[in-house]
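Right, one structure below, let's go through it.
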Amino acid sequence: MKNLFLVCLALFFIVGCKSKKQVTTTIPEETLNQYLEQIQVSPEKKPIYHPSEKKLWQLEHMNLEVKFDWKKQYVLGKAQISMHPHFYAQKTLIIDAVGFDVHKVSLRDQNGASLVYNYDSLQLHITLDKTYQKDETLTIYIDYTAKPNELKVGGSDAISEDKGLYFIDPLDEDPEKPSQIWTQGETQASSKWFPTIDAPNQKMTQQISITVEDKYQTLSNGLLIRSSKNTDGTRTDVWKQDLKHVPYLVMIAVGEYYVEKDSWQKKDGSAMLVDYYVEPAYKDDAMAIFGNTPEMLTFYSDLLGLEYPWQKYSQIFVRDFVSGAMENTTAVIHGDFIQQTKREMIDRNYEFIVAHELFHHWFGDYVTCESWANLPLNESFATYGEYLWEQYKYGQDAADYKFDSDLRDYFEESQTKQEPLIRYYYGDKEDMFDNHSYEKGGCILHMLRGYIGDKAFFTALNLYLKNKAYNTAEVHDLRMAFEEVSGEDLNWFFDQWFLKAGHPMVGVEYQYDSTKQTYTIFTEQRYSLAESQGEFLYRIPVKLNIHTKAGIQNQDITLTQGLDTFSFAMSEPPIFTDFDTEKSLVGVVQENKSLEAWIENYKHSKTFLPKQHSIIGAYRAKNEDSLAFVGLIPNILKEDFWALRLLGMDLVSTLDSSSQVSFTSQIKTLLSDPNSKVRAKAIRWMGSNQSFTGADLSFFEPLTSDSSYLVMATALGQIHKLDESKSTDFANQMQGEDNPNVRYQVARVFADNAPEGKLEYFKNYISSASKYEKTTAVILTEDYLKKPALISQVGSAVKLDFLADLVTNTSTSESVRMQALDAILGIEKKAEQNQEELESTNSYVKQLITQIKSSLSQDDVQLMFSNEE
């Protein structure tokens, strides 16, 4: 992981305090100005306003039949769509249908009267047989062929492509990849594989019939109501979803899966189907990955006072997914990176994603944002659902760590982008999928919970959900639910946190007047966007704990001005004050406490966030030779929560060499820490720190067979640093491990040491690597091939066809294709530099490049070779 200590320092700087009294400023004014200047946010609003879609028609039901042409990657579809006018009478209808061949449009069914239509490749403009009134249902039939693979590809950081439906290895040509079909509808890509009104403020029921080869499993929303084998060797599965949901949540998936059956007991005693679709190789790991799902269903149902409102809950893995996961109603799709063995889950599991997608079934599926401007009503809640699960299942430390990670993600993004959480002005709807809508929004919900209290918070959520059941909502629906429950006007809260960009920056200073026996707290707040969008002051309720020899005084204060002063009568100076006791403010706070006060704050803290805050404060307040600070570190290294032990090792690394020596034995004990991240960190510290003189191979050898892949790989890396020649022996022992961490480190050793006969390892590394590691695999392969012992064999014993195939394979990601081409060009350049010794290599590579160009389209040649010298 990144250096937690330095990351925290970077994120928690702030302007110091000023008041009408002479108060020392802890951070110079120019430091604040530098911070504000680096926020690259335009002072002008974007010119495009995005309201909710105008509703001329309201969808009711879709009956869809689909078959597939795997060779052409076509969807052969027949759709019956029922709807009625929303309010005004309608004579025409516009249906979203992107890139279709439309064969027929008629009333009711395939035998109905044909309708006149115009089609512009994006929408069907249909003239109806009569004018339909509000209470009249219209059913139209559309026979079509969808060709999503021929569409121009768009996307975003969150959803990398938007073709709607994807064929994976449709001709079964890749031995490392199964043949699959799956869909991704968000934001508005469902209309690229079935005709609909593709807007987030539409809801409908559905029935989908999927015809596939009998060897395949299928999955869709709702329940499987019928499955029948056909005479041509195919099978038709019929899935029915009789509860309304939005078109972008419609899904299908097809592939060869092992299905692990589970169940969840509802309050009425009935058992609801819960199942997990995994690739057969992971059948023994399915319960380890998903086994907490029934407990999550119970927890969220009880917490919200609303039992899970759908008919079943399925989860499925797909290859090459264009996002992390997707909350399709009752049938969640996960990217294959979550598909792990039990051993891999020692280092990291993705249960937080399982929780995220399940919580969406209340926030996003049951109640859906009515427009993309209101996306945080989906994503902020799902992100906060992760926090709630961590808090319930793993305790407050784990929840604190989650909150801190989310807040840091938002702060990192805020360096270059600050937008309102709910924003109607944006360039593209895909821009909404950012750390504001997810992480910042989740933190704001937690802050709201802290302000009004747990009971009111969850009662308000229950009211909001019931008010908008199976419907859509905007942010004011949420606000009014909270106001109804709390009895308080919360416009101020929603205005500053949901509808304005940025965050507060607060300086705090403490003074005690022994003559007046008065303790005074001075606060100064600045707006993070003050330079570009004008001054704005937050209303900030803050909880204080003032620690004295006589006990703890709990105080509630509210910051409302640029400069605020709060005074308390006290007979003696406090030991320290804990400002924002839960550290839940979505802002940056700087306090001018002494080192001694920070240490006392740390000693009295109970959970991760207050402890981390105090430790960082102590670090910043220490003198260079502060023995008191150094004396704090042994306690941090013994903390119960693993992230604090990591932080402790980072702190040791900030000390001078002589001070670090005293911690060697304590860090050595962390090599047997129960947490694999801590063990790996300890290995890196022991192997790279100059104060440790016992770093020999015998010390690290046992760690190469650790239960954790991360620890194994880290130990190999340290051995490689100490003795490159011997590291090859250990890499040979580990090359059969199928894990990204180990694969990378073994490949690194082979690339540096260039042992003979390892080309097959690199070929297998590339072919088996996930899309997240394939580029790295190509880079390491290039490093290996450019070593003198290998490059001289290129063209004779060593062929580069496997790299050329990556370049010319248009189904491979552009980044991997470009990296493979860079590898070939890099080998060419190396050969040219040593033309005399590598003449045959140079000739072979040039011929290969010519062959590659002849295999590519002119557009690809121009794009991929644009920088060729």
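Quick note on naming: the chains in the structure tokens go A, B, ... in the order shown, residues restart at 1 in each chain, and ligands are numbered from 1 in order of appearance.
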
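The list of residues with at least one atom within 8 Å of range 564-578 of chain A, based on only C-alpha atoms and without residues fewer than 4 positions apart in the same chain, reads A:Ser19, A:Tyr512, A:Ser514, A:Gln517, A:Thr518, A:Tyr519, A:Thr520, A:Ile521, A:Phe522, A:Thr523, A:Glu524, A:Leu544, A:Asn545, A:Ile546, A:His547, A:Thr548, A:Lys549, A:Ile557, A:Leu559, A:Thr560, A:Lys593, A:Ala597, A:Trp598, A:Glu600, A:Asn601.
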
Just the selected residues (N, CA, C and O atoms), exported as a CSV table (one decimal), in the first residue's frame, please.
```csv
chain,number,residue,atom,x,y,z
A,19,SER,N,-7.9,35.4,15.1
A,19,SER,CA,-9.1,35.9,15.7
A,19,SER,C,-8.9,37.3,16.0
A,19,SER,O,-7.9,37.9,15.6
A,512,TYR,N,-5.8,29.3,27.5
A,512,TYR,CA,-6.3,29.3,28.8
A,512,TYR,C,-5.9,30.6,29.5
A,512,TYR,O,-4.7,30.9,29.5
A,514,SER,N,-5.5,32.1,33.0
A,514,SER,CA,-5.5,31.8,34.4
A,514,SER,C,-6.0,32.8,35.3
A,514,SER,O,-6.6,32.6,36.3
A,517,GLN,N,-9.7,32.5,34.6
A,517,GLN,CA,-10.1,31.1,34.7
A,517,GLN,C,-11.1,30.8,33.6
A,517,GLN,O,-12.1,30.2,33.8
A,518,THR,N,-10.6,31.1,32.4
A,518,THR,CA,-11.5,30.9,31.2
A,518,THR,C,-10.7,30.2,30.2
A,518,THR,O,-9.5,30.5,29.9
A,519,TYR,N,-11.3,29.2,29.6
A,519,TYR,CA,-10.7,28.4,28.5
A,519,TYR,C,-11.4,28.8,27.2
A,519,TYR,O,-12.7,28.7,27.2
A,520,THR,N,-10.7,29.2,26.2
A,520,THR,CA,-11.2,29.7,25.0
A,520,THR,C,-10.7,28.9,23.8
A,520,THR,O,-9.6,28.6,23.7
A,521,ILE,N,-11.7,28.6,22.9
A,521,ILE,CA,-11.4,28.0,21.7
A,521,ILE,C,-11.7,28.9,20.6
A,521,ILE,O,-12.8,29.4,20.4
A,522,PHE,N,-10.7,29.2,19.7
A,522,PHE,CA,-10.8,30.1,18.6
A,522,PHE,C,-10.8,29.2,17.3
A,522,PHE,O,-10.0,28.3,17.2
A,523,THR,N,-11.8,29.5,16.4
A,523,THR,CA,-11.8,28.7,15.2
A,523,THR,C,-11.8,29.7,14.0
A,523,THR,O,-12.4,30.8,14.1
A,524,GLU,N,-11.2,29.3,12.9
A,524,GLU,CA,-11.2,30.1,11.7
A,524,GLU,C,-11.6,29.1,10.6
A,524,GLU,O,-11.0,28.0,10.5
A,544,LEU,N,-17.2,18.3,21.2
A,544,LEU,CA,-15.9,18.5,21.9
A,544,LEU,C,-15.9,17.6,23.1
A,544,LEU,O,-16.9,17.5,23.8
A,545,ASN,N,-14.7,17.1,23.4
A,545,ASN,CA,-14.5,16.5,24.7
A,545,ASN,C,-13.3,17.2,25.3
A,545,ASN,O,-12.2,17.2,24.8
A,546,ILE,N,-13.6,18.0,26.4
A,546,ILE,CA,-12.5,18.7,27.1
A,546,ILE,C,-12.1,17.9,28.3
A,546,ILE,O,-12.8,17.7,29.2
A,547,HIS,N,-10.8,17.4,28.2
A,547,HIS,CA,-10.3,16.6,29.3
A,547,HIS,C,-9.6,17.4,30.3
A,547,HIS,O,-8.6,18.1,30.0
A,548,THR,N,-10.0,17.3,31.6
A,548,THR,CA,-9.4,17.9,32.7
A,548,THR,C,-9.0,16.9,33.7
A,548,THR,O,-9.4,15.7,33.7
A,549,LYS,N,-8.3,17.4,34.8
A,549,LYS,CA,-8.0,16.5,35.9
A,549,LYS,C,-9.2,15.9,36.6
A,549,LYS,O,-9.2,14.8,37.1
A,557,ILE,N,-20.6,22.6,20.0
A,557,ILE,CA,-20.5,24.0,19.5
A,557,ILE,C,-20.9,24.0,18.0
A,557,ILE,O,-20.9,22.9,17.4
A,559,LEU,N,-19.9,26.1,14.5
A,559,LEU,CA,-19.1,27.1,13.7
A,559,LEU,C,-20.0,27.7,12.7
A,559,LEU,O,-20.6,27.0,11.9
A,560,THR,N,-20.1,29.1,12.6
A,560,THR,CA,-21.0,29.7,11.6
A,560,THR,C,-20.3,30.9,11.0
A,560,THR,O,-20.7,31.3,9.9
A,593,LYS,N,-2.1,22.1,18.9
A,593,LYS,CA,-1.8,21.5,20.2
A,593,LYS,C,-0.3,21.3,20.4
A,593,LYS,O,0.4,21.1,19.4
A,597,ALA,N,-0.1,17.4,24.5
A,597,ALA,CA,-1.5,17.3,24.4
A,597,ALA,C,-1.9,16.2,23.3
A,597,ALA,O,-2.9,15.4,23.5
A,598,TRP,N,-1.2,16.2,22.2
A,598,TRP,CA,-1.5,15.1,21.2
A,598,TRP,C,-1.2,13.7,21.8
A,598,TRP,O,-2.0,12.8,21.5
A,600,GLU,N,-1.5,12.8,24.9
A,600,GLU,CA,-2.6,12.5,25.8
A,600,GLU,C,-3.9,12.2,25.0
A,600,GLU,O,-4.6,11.3,25.4
A,601,ASN,N,-4.1,12.9,24.0
A,601,ASN,CA,-5.2,12.6,23.1
A,601,ASN,C,-5.1,11.2,22.5
A,601,ASN,O,-6.2,10.5,22.5
```

Give me, as JSON, numbers by chain, all polymer residues having an atom no more than 9 Å from Thr808 in chain A, counting only C-alpha atoms and skipping those fewer than 2 positions away in the same chain.
{"A": [803, 804, 805, 806, 810, 811, 812, 817, 852, 853, 855, 856]}

Using DSSP on the backbone, list every residue of range 384-542 of chain A that comes out as alpha helix (DSSP H), and give them as an MDAnalysis selection string.
chainID A and resid 384:394 396:414 441:452 454:467 475:486 491:497 530:533

Selection near Glu701 in chain A, 12 Å with only C-alpha atoms, sequence-local residues under 2 positions removed, as a compact mmCIF listing (two decimals) with N, CA, C and O atoms, in the first residue's frame:
```txt
# COMPACT_ATOMS: atom_id res chain seq x y z
N ILE A 683 8.78 -7.16 6.31
CA ILE A 683 9.83 -7.71 5.43
C ILE A 683 10.51 -6.59 4.67
O ILE A 683 11.75 -6.53 4.60
N ALA A 695 20.08 -8.98 7.48
CA ALA A 695 19.29 -9.32 6.29
C ALA A 695 20.06 -10.29 5.41
O ALA A 695 20.73 -9.89 4.46
N ASP A 696 20.04 -11.56 5.72
CA ASP A 696 20.67 -12.55 4.86
C ASP A 696 19.60 -13.50 4.35
O ASP A 696 18.45 -13.46 4.78
N LEU A 697 19.97 -14.36 3.42
CA LEU A 697 18.99 -15.22 2.78
C LEU A 697 18.31 -16.14 3.76
O LEU A 697 17.11 -16.42 3.65
N SER A 698 19.05 -16.65 4.74
CA SER A 698 18.46 -17.58 5.70
C SER A 698 17.34 -16.93 6.49
O SER A 698 16.42 -17.60 6.96
N PHE A 699 17.43 -15.61 6.62
CA PHE A 699 16.39 -14.88 7.35
C PHE A 699 15.08 -14.86 6.56
O PHE A 699 14.00 -15.00 7.12
N LEU A 703 10.03 -17.31 4.74
CA LEU A 703 8.88 -16.49 4.37
C LEU A 703 8.42 -16.73 2.94
O LEU A 703 7.33 -16.33 2.56
N THR A 704 9.25 -17.39 2.13
CA THR A 704 8.84 -17.68 0.76
C THR A 704 7.80 -18.79 0.70
O THR A 704 7.27 -19.08 -0.37
N SER A 705 7.51 -19.42 1.81
CA SER A 705 6.44 -20.44 1.85
C SER A 705 5.33 -20.02 2.80
O SER A 705 4.60 -20.86 3.33
N ASP A 706 5.20 -18.73 3.01
CA ASP A 706 4.15 -18.19 3.89
C ASP A 706 2.77 -18.52 3.32
O ASP A 706 2.61 -18.75 2.12
N VAL A 711 3.06 -12.00 1.18
CA VAL A 711 4.28 -12.18 1.96
C VAL A 711 5.30 -12.97 1.16
O VAL A 711 6.50 -12.64 1.14
N MET A 712 4.86 -14.03 0.49
CA MET A 712 5.78 -14.80 -0.36
C MET A 712 6.47 -13.92 -1.39
O MET A 712 7.69 -13.95 -1.55
N ALA A 713 5.67 -13.14 -2.10
CA ALA A 713 6.21 -12.30 -3.16
C ALA A 713 7.15 -11.24 -2.58
O ALA A 713 8.20 -10.95 -3.17
N THR A 714 6.78 -10.66 -1.45
CA THR A 714 7.63 -9.65 -0.83
C THR A 714 8.96 -10.24 -0.39
O THR A 714 10.02 -9.63 -0.57
N ALA A 715 8.93 -11.44 0.18
CA ALA A 715 10.16 -12.11 0.60
C ALA A 715 11.06 -12.39 -0.61
O ALA A 715 12.28 -12.20 -0.55
N LEU A 716 10.46 -12.84 -1.72
CA LEU A 716 11.25 -13.08 -2.92
C LEU A 716 11.90 -11.78 -3.40
O LEU A 716 13.06 -11.77 -3.83
N GLY A 717 11.15 -10.70 -3.33
CA GLY A 717 11.70 -9.41 -3.73
C GLY A 717 12.90 -9.00 -2.90
O GLY A 717 13.89 -8.47 -3.44
N GLN A 718 12.86 -9.27 -1.60
CA GLN A 718 14.00 -8.92 -0.75
C GLN A 718 15.20 -9.83 -1.03
O GLN A 718 16.34 -9.38 -1.04
N ILE A 719 14.94 -11.10 -1.27
CA ILE A 719 16.03 -12.01 -1.64
C ILE A 719 16.69 -11.55 -2.93
O ILE A 719 17.92 -11.57 -3.07
N HIS A 720 15.86 -11.10 -3.87
CA HIS A 720 16.38 -10.63 -5.15
C HIS A 720 17.28 -9.41 -4.97
O HIS A 720 18.31 -9.26 -5.65
N LEU A 722 19.08 -8.83 -2.33
CA LEU A 722 20.29 -9.23 -1.61
C LEU A 722 21.22 -10.09 -2.46
O LEU A 722 22.45 -9.97 -2.37
N LYS A 726 20.97 -16.03 -6.63
CA LYS A 726 20.25 -17.04 -5.86
C LYS A 726 18.74 -16.84 -5.92
O LYS A 726 17.97 -17.78 -5.68
N SER A 727 18.29 -15.61 -6.24
CA SER A 727 16.84 -15.37 -6.30
C SER A 727 16.20 -16.18 -7.41
O SER A 727 15.01 -16.51 -7.35
N ASP A 729 16.74 -19.30 -8.08
CA ASP A 729 16.37 -20.60 -7.50
C ASP A 729 15.03 -20.51 -6.79
O ASP A 729 14.17 -21.39 -6.93
N PHE A 730 14.84 -19.44 -6.02
CA PHE A 730 13.57 -19.28 -5.30
C PHE A 730 12.43 -18.98 -6.28
O PHE A 730 11.30 -19.46 -6.10
N ALA A 731 12.72 -18.21 -7.32
CA ALA A 731 11.69 -17.93 -8.32
C ALA A 731 11.27 -19.21 -9.04
O ALA A 731 10.09 -19.41 -9.33
N GLN A 733 11.15 -22.13 -7.73
CA GLN A 733 10.28 -22.87 -6.82
C GLN A 733 8.87 -22.29 -6.78
O GLN A 733 7.91 -23.01 -6.52
```

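The space between CA of His245 in chain A and CA of Met204 in chain A spans 5.5 Å.
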
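With only C-alpha atoms as the atoms that count, the minimum distance from Gly631 in chain A to the choices A:Ser160, A:Ser659, A:Asn592, A:Ser270 is reached by A:Ser659.
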
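From CA of Phe359 in chain A back to CA of Tyr300 in chain A, the distance works out to 7.3 Å.
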
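Running DSSP on the backbone gives strand (DSSP E or B) for these residues within range 544-776 of chain A: Leu544, Asn545, Ile546, His547, Thr548, Gly551, Ile552, Gln553, Asn554, Gln555, Asp556, Ile557, Thr558, Leu559, Leu563, Asp564, Thr565, Phe566, Ser567, Phe568, Ala569, Phe576, Thr577, Asp578, Phe579, Val588, Val589, Gln590 and Glu591 of chain A.
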
Restrict the selected residues to N, CA and C atoms and save them as a PDB file, in the first residue's frame.
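Contents of out-v1.pdb, as written:
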```
ATOM      1  N   LEU A 544     -17.175  18.323  21.165  1.00  0.00           N
ATOM      2  CA  LEU A 544     -15.899  18.464  21.858  1.00  0.00           C
ATOM      3  C   LEU A 544     -15.873  17.593  23.108  1.00  0.00           C
ATOM      4  N   ASN A 545     -14.727  17.054  23.412  1.00  0.00           N
ATOM      5  CA  ASN A 545     -14.457  16.462  24.718  1.00  0.00           C
ATOM      6  C   ASN A 545     -13.300  17.234  25.332  1.00  0.00           C
ATOM      7  N   ILE A 546     -13.569  17.966  26.398  1.00  0.00           N
ATOM      8  CA  ILE A 546     -12.526  18.724  27.077  1.00  0.00           C
ATOM      9  C   ILE A 546     -12.070  17.906  28.281  1.00  0.00           C
ATOM     10  N   HIS A 547     -10.835  17.432  28.224  1.00  0.00           N
ATOM     11  CA  HIS A 547     -10.297  16.554  29.257  1.00  0.00           C
ATOM     12  C   HIS A 547      -9.573  17.392  30.321  1.00  0.00           C
ATOM     13  N   THR A 548     -10.019  17.256  31.551  1.00  0.00           N
ATOM     14  CA  THR A 548      -9.401  17.942  32.690  1.00  0.00           C
ATOM     15  C   THR A 548      -9.027  16.915  33.744  1.00  0.00           C
ATOM     16  N   GLY A 551     -12.117  15.335  35.120  1.00  0.00           N
ATOM     17  CA  GLY A 551     -12.947  14.488  34.266  1.00  0.00           C
ATOM     18  C   GLY A 551     -13.086  15.059  32.873  1.00  0.00           C
ATOM     19  N   ILE A 552     -14.116  14.610  32.173  1.00  0.00           N
ATOM     20  CA  ILE A 552     -14.325  14.999  30.774  1.00  0.00           C
ATOM     21  C   ILE A 552     -15.594  15.834  30.673  1.00  0.00           C
ATOM     22  N   GLN A 553     -15.478  16.994  30.045  1.00  0.00           N
ATOM     23  CA  GLN A 553     -16.650  17.819  29.743  1.00  0.00           C
ATOM     24  C   GLN A 553     -17.023  17.627  28.274  1.00  0.00           C
ATOM     25  N   ASN A 554     -18.251  17.216  28.016  1.00  0.00           N
ATOM     26  CA  ASN A 554     -18.741  17.069  26.648  1.00  0.00           C
ATOM     27  C   ASN A 554     -19.454  18.359  26.244  1.00  0.00           C
ATOM     28  N   GLN A 555     -19.024  18.953  25.153  1.00  0.00           N
ATOM     29  CA  GLN A 555     -19.604  20.210  24.709  1.00  0.00           C
ATOM     30  C   GLN A 555     -19.978  20.108  23.233  1.00  0.00           C
ATOM     31  N   ASP A 556     -21.082  20.757  22.863  1.00  0.00           N
ATOM     32  CA  ASP A 556     -21.489  20.885  21.472  1.00  0.00           C
ATOM     33  C   ASP A 556     -21.376  22.354  21.076  1.00  0.00           C
ATOM     34  N   ILE A 557     -20.635  22.623  20.006  1.00  0.00           N
ATOM     35  CA  ILE A 557     -20.522  23.981  19.493  1.00  0.00           C
ATOM     36  C   ILE A 557     -20.881  23.970  18.015  1.00  0.00           C
ATOM     37  N   THR A 558     -21.182  25.145  17.477  1.00  0.00           N
ATOM     38  CA  THR A 558     -21.480  25.249  16.049  1.00  0.00           C
ATOM     39  C   THR A 558     -20.704  26.405  15.456  1.00  0.00           C
ATOM     40  N   LEU A 559     -19.890  26.112  14.455  1.00  0.00           N
ATOM     41  CA  LEU A 559     -19.129  27.127  13.738  1.00  0.00           C
ATOM     42  C   LEU A 559     -20.026  27.725  12.660  1.00  0.00           C
ATOM     43  N   LEU A 563     -14.564  33.662  11.803  1.00  0.00           N
ATOM     44  CA  LEU A 563     -13.874  33.579  13.083  1.00  0.00           C
ATOM     45  C   LEU A 563     -14.906  33.371  14.166  1.00  0.00           C
ATOM     46  N   ASP A 564     -14.781  32.309  14.916  1.00  0.00           N
ATOM     47  CA  ASP A 564     -15.679  32.016  16.024  1.00  0.00           C
ATOM     48  C   ASP A 564     -14.875  31.888  17.310  1.00  0.00           C
ATOM     49  N   THR A 565     -15.489  32.276  18.429  1.00  0.00           N
ATOM     50  CA  THR A 565     -14.861  32.170  19.736  1.00  0.00           C
ATOM     51  C   THR A 565     -15.823  31.483  20.693  1.00  0.00           C
ATOM     52  N   PHE A 566     -15.327  30.484  21.412  1.00  0.00           N
ATOM     53  CA  PHE A 566     -16.133  29.738  22.378  1.00  0.00           C
ATOM     54  C   PHE A 566     -15.375  29.703  23.704  1.00  0.00           C
ATOM     55  N   SER A 567     -16.015  30.188  24.765  1.00  0.00           N
ATOM     56  CA  SER A 567     -15.356  30.282  26.064  1.00  0.00           C
ATOM     57  C   SER A 567     -16.072  29.432  27.104  1.00  0.00           C
ATOM     58  N   PHE A 568     -15.269  28.845  28.001  1.00  0.00           N
ATOM     59  CA  PHE A 568     -15.787  27.976  29.055  1.00  0.00           C
ATOM     60  C   PHE A 568     -15.076  28.316  30.363  1.00  0.00           C
ATOM     61  N   ALA A 569     -15.855  28.432  31.439  1.00  0.00           N
ATOM     62  CA  ALA A 569     -15.272  28.702  32.752  1.00  0.00           C
ATOM     63  C   ALA A 569     -14.592  27.445  33.278  1.00  0.00           C
ATOM     64  N   PHE A 576      -6.155  18.406  27.508  1.00  0.00           N
ATOM     65  CA  PHE A 576      -6.266  18.553  26.056  1.00  0.00           C
ATOM     66  C   PHE A 576      -7.741  18.592  25.693  1.00  0.00           C
ATOM     67  N   THR A 577      -8.017  19.032  24.493  1.00  0.00           N
ATOM     68  CA  THR A 577      -9.385  19.029  23.966  1.00  0.00           C
ATOM     69  C   THR A 577      -9.431  18.173  22.710  1.00  0.00           C
ATOM     70  N   ASP A 578     -10.413  17.309  22.665  1.00  0.00           N
ATOM     71  CA  ASP A 578     -10.624  16.470  21.484  1.00  0.00           C
ATOM     72  C   ASP A 578     -11.688  17.137  20.615  1.00  0.00           C
ATOM     73  N   PHE A 579     -11.258  17.743  19.525  1.00  0.00           N
ATOM     74  CA  PHE A 579     -12.129  18.499  18.616  1.00  0.00           C
ATOM     75  C   PHE A 579     -12.662  17.558  17.541  1.00  0.00           C
ATOM     76  N   VAL A 588     -10.956  19.706   6.304  1.00  0.00           N
ATOM     77  CA  VAL A 588      -9.585  19.616   6.786  1.00  0.00           C
ATOM     78  C   VAL A 588      -9.468  20.460   8.040  1.00  0.00           C
ATOM     79  N   VAL A 589      -8.920  19.888   9.108  1.00  0.00           N
ATOM     80  CA  VAL A 589      -8.809  20.565  10.397  1.00  0.00           C
ATOM     81  C   VAL A 589      -7.351  20.611  10.825  1.00  0.00           C
ATOM     82  N   GLN A 590      -6.922  21.778  11.284  1.00  0.00           N
ATOM     83  CA  GLN A 590      -5.572  21.936  11.833  1.00  0.00           C
ATOM     84  C   GLN A 590      -5.695  22.510  13.238  1.00  0.00           C
ATOM     85  N   GLU A 591      -5.118  21.828  14.216  1.00  0.00           N
ATOM     86  CA  GLU A 591      -5.146  22.292  15.602  1.00  0.00           C
ATOM     87  C   GLU A 591      -3.732  22.601  16.070  1.00  0.00           C
TER      88      GLU A 591
END
```

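With only C-alpha atoms as the atoms that count, the minimum distance from Trp239 in chain A to the choices A:Val66, A:Val116, A:Ile289, A:Ala382 is reached by A:Val66.
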
If we count only C-alpha atoms and set the cut-off at 7 Å, which residues sit around range 829-832 of chain A, ignoring sequence neighbours fewer than 3 positions away in its own chain? Please answer as a ChimeraX atom specification.
/A:825-826,835,838,841-842

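Distance annotation: of A:Asn834, A:Thr341, A:Gln862, A:Thr607, the residue with the minimal separation from Gln391 in chain A is A:Thr607; atom set is only C-alpha atoms.
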
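By only C-alpha atoms, and with residues fewer than 6 positions from Gln735 in chain A along its chain excluded, the set lying at most 12 Å from it is Thr704, Met712, Ala713, Leu716, Ser727, Thr728, Asp729, Asn741, Val742, Arg743, Tyr744, Gln745, Val746, Ala747, Arg748, Val749, Phe750, Lys758, Glu760, Tyr761, Phe762, Asn764 and Tyr765 of chain A.
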
Would you list the contacts of Leu377 in chain A as a tab-separated table (two decimals) with N, CA and C atoms, in the first residue's frame, taking every protein, DNA or RNA residue within 10 Å and counting only C-alpha atoms, but skipping same-chain residues closer than 5 positions in sequence?
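Just written: out_32.tsv:
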```tsv
chain	number	residue	atom	x	y	z
A	360	HIS	N	-27.37	-1.44	-2.75
A	360	HIS	CA	-28.03	-0.81	-3.90
A	360	HIS	C	-29.46	-1.32	-4.08
A	363	PHE	N	-31.18	1.25	-2.29
A	363	PHE	CA	-30.84	2.59	-2.77
A	363	PHE	C	-30.23	2.48	-4.16
A	364	GLY	N	-31.09	2.62	-5.16
A	364	GLY	CA	-30.65	2.51	-6.55
A	364	GLY	C	-31.58	1.62	-7.35
A	367	VAL	N	-35.46	2.29	-4.82
A	367	VAL	CA	-35.63	3.73	-5.07
A	367	VAL	C	-34.45	4.16	-5.94
A	368	THR	N	-34.75	4.71	-7.10
A	368	THR	CA	-33.72	5.03	-8.10
A	368	THR	C	-33.62	6.53	-8.30
A	369	CYS	N	-32.42	7.03	-8.48
A	369	CYS	CA	-32.26	8.46	-8.80
A	369	CYS	C	-33.02	8.77	-10.08
A	370	GLU	N	-33.77	9.84	-10.07
A	370	GLU	CA	-34.61	10.15	-11.23
A	370	GLU	C	-33.81	10.75	-12.38
A	371	SER	N	-32.61	11.22	-12.09
A	371	SER	CA	-31.74	11.77	-13.13
A	371	SER	C	-30.31	11.50	-12.72
A	372	TRP	N	-29.40	11.57	-13.69
A	372	TRP	CA	-27.99	11.32	-13.37
A	372	TRP	C	-27.41	12.41	-12.50
A	382	ALA	N	-24.79	3.41	-1.45
A	382	ALA	CA	-24.14	2.10	-1.59
A	382	ALA	C	-22.75	2.13	-0.96
A	421	LEU	N	-22.20	17.80	-4.93
A	421	LEU	CA	-22.53	16.38	-4.92
A	421	LEU	C	-23.69	16.12	-5.89
A	422	ILE	N	-24.75	16.91	-5.77
A	422	ILE	CA	-25.87	16.87	-6.72
A	422	ILE	C	-25.60	17.97	-7.73
A	437	SER	N	-19.50	11.50	-6.00
A	437	SER	CA	-20.76	10.76	-5.90
A	437	SER	C	-20.65	9.54	-5.01
A	438	TYR	N	-19.49	8.93	-4.97
A	438	TYR	CA	-19.29	7.72	-4.17
A	438	TYR	C	-18.76	8.08	-2.77
A	441	GLY	N	-19.91	11.45	-0.87
A	441	GLY	CA	-21.31	11.31	-0.50
A	441	GLY	C	-21.52	10.37	0.68
A	442	GLY	N	-20.78	9.25	0.68
A	442	GLY	CA	-20.89	8.32	1.81
A	442	GLY	C	-20.45	8.97	3.10
A	472	THR	N	-38.83	6.55	-8.40
A	472	THR	CA	-37.61	7.35	-8.52
A	472	THR	C	-37.68	8.52	-7.56
A	473	ALA	N	-36.50	9.12	-7.31
A	473	ALA	CA	-36.44	10.20	-6.33
A	473	ALA	C	-35.38	11.22	-6.72
A	474	GLU	N	-35.49	12.41	-6.16
A	474	GLU	CA	-34.45	13.42	-6.24
A	474	GLU	C	-34.03	13.79	-4.83
A	475	VAL	N	-32.99	14.60	-4.70
A	475	VAL	CA	-32.40	14.84	-3.40
A	475	VAL	C	-33.37	15.48	-2.42
A	478	LEU	N	-35.25	13.09	-0.27
A	478	LEU	CA	-34.46	12.63	0.87
A	478	LEU	C	-34.47	13.67	1.98
```
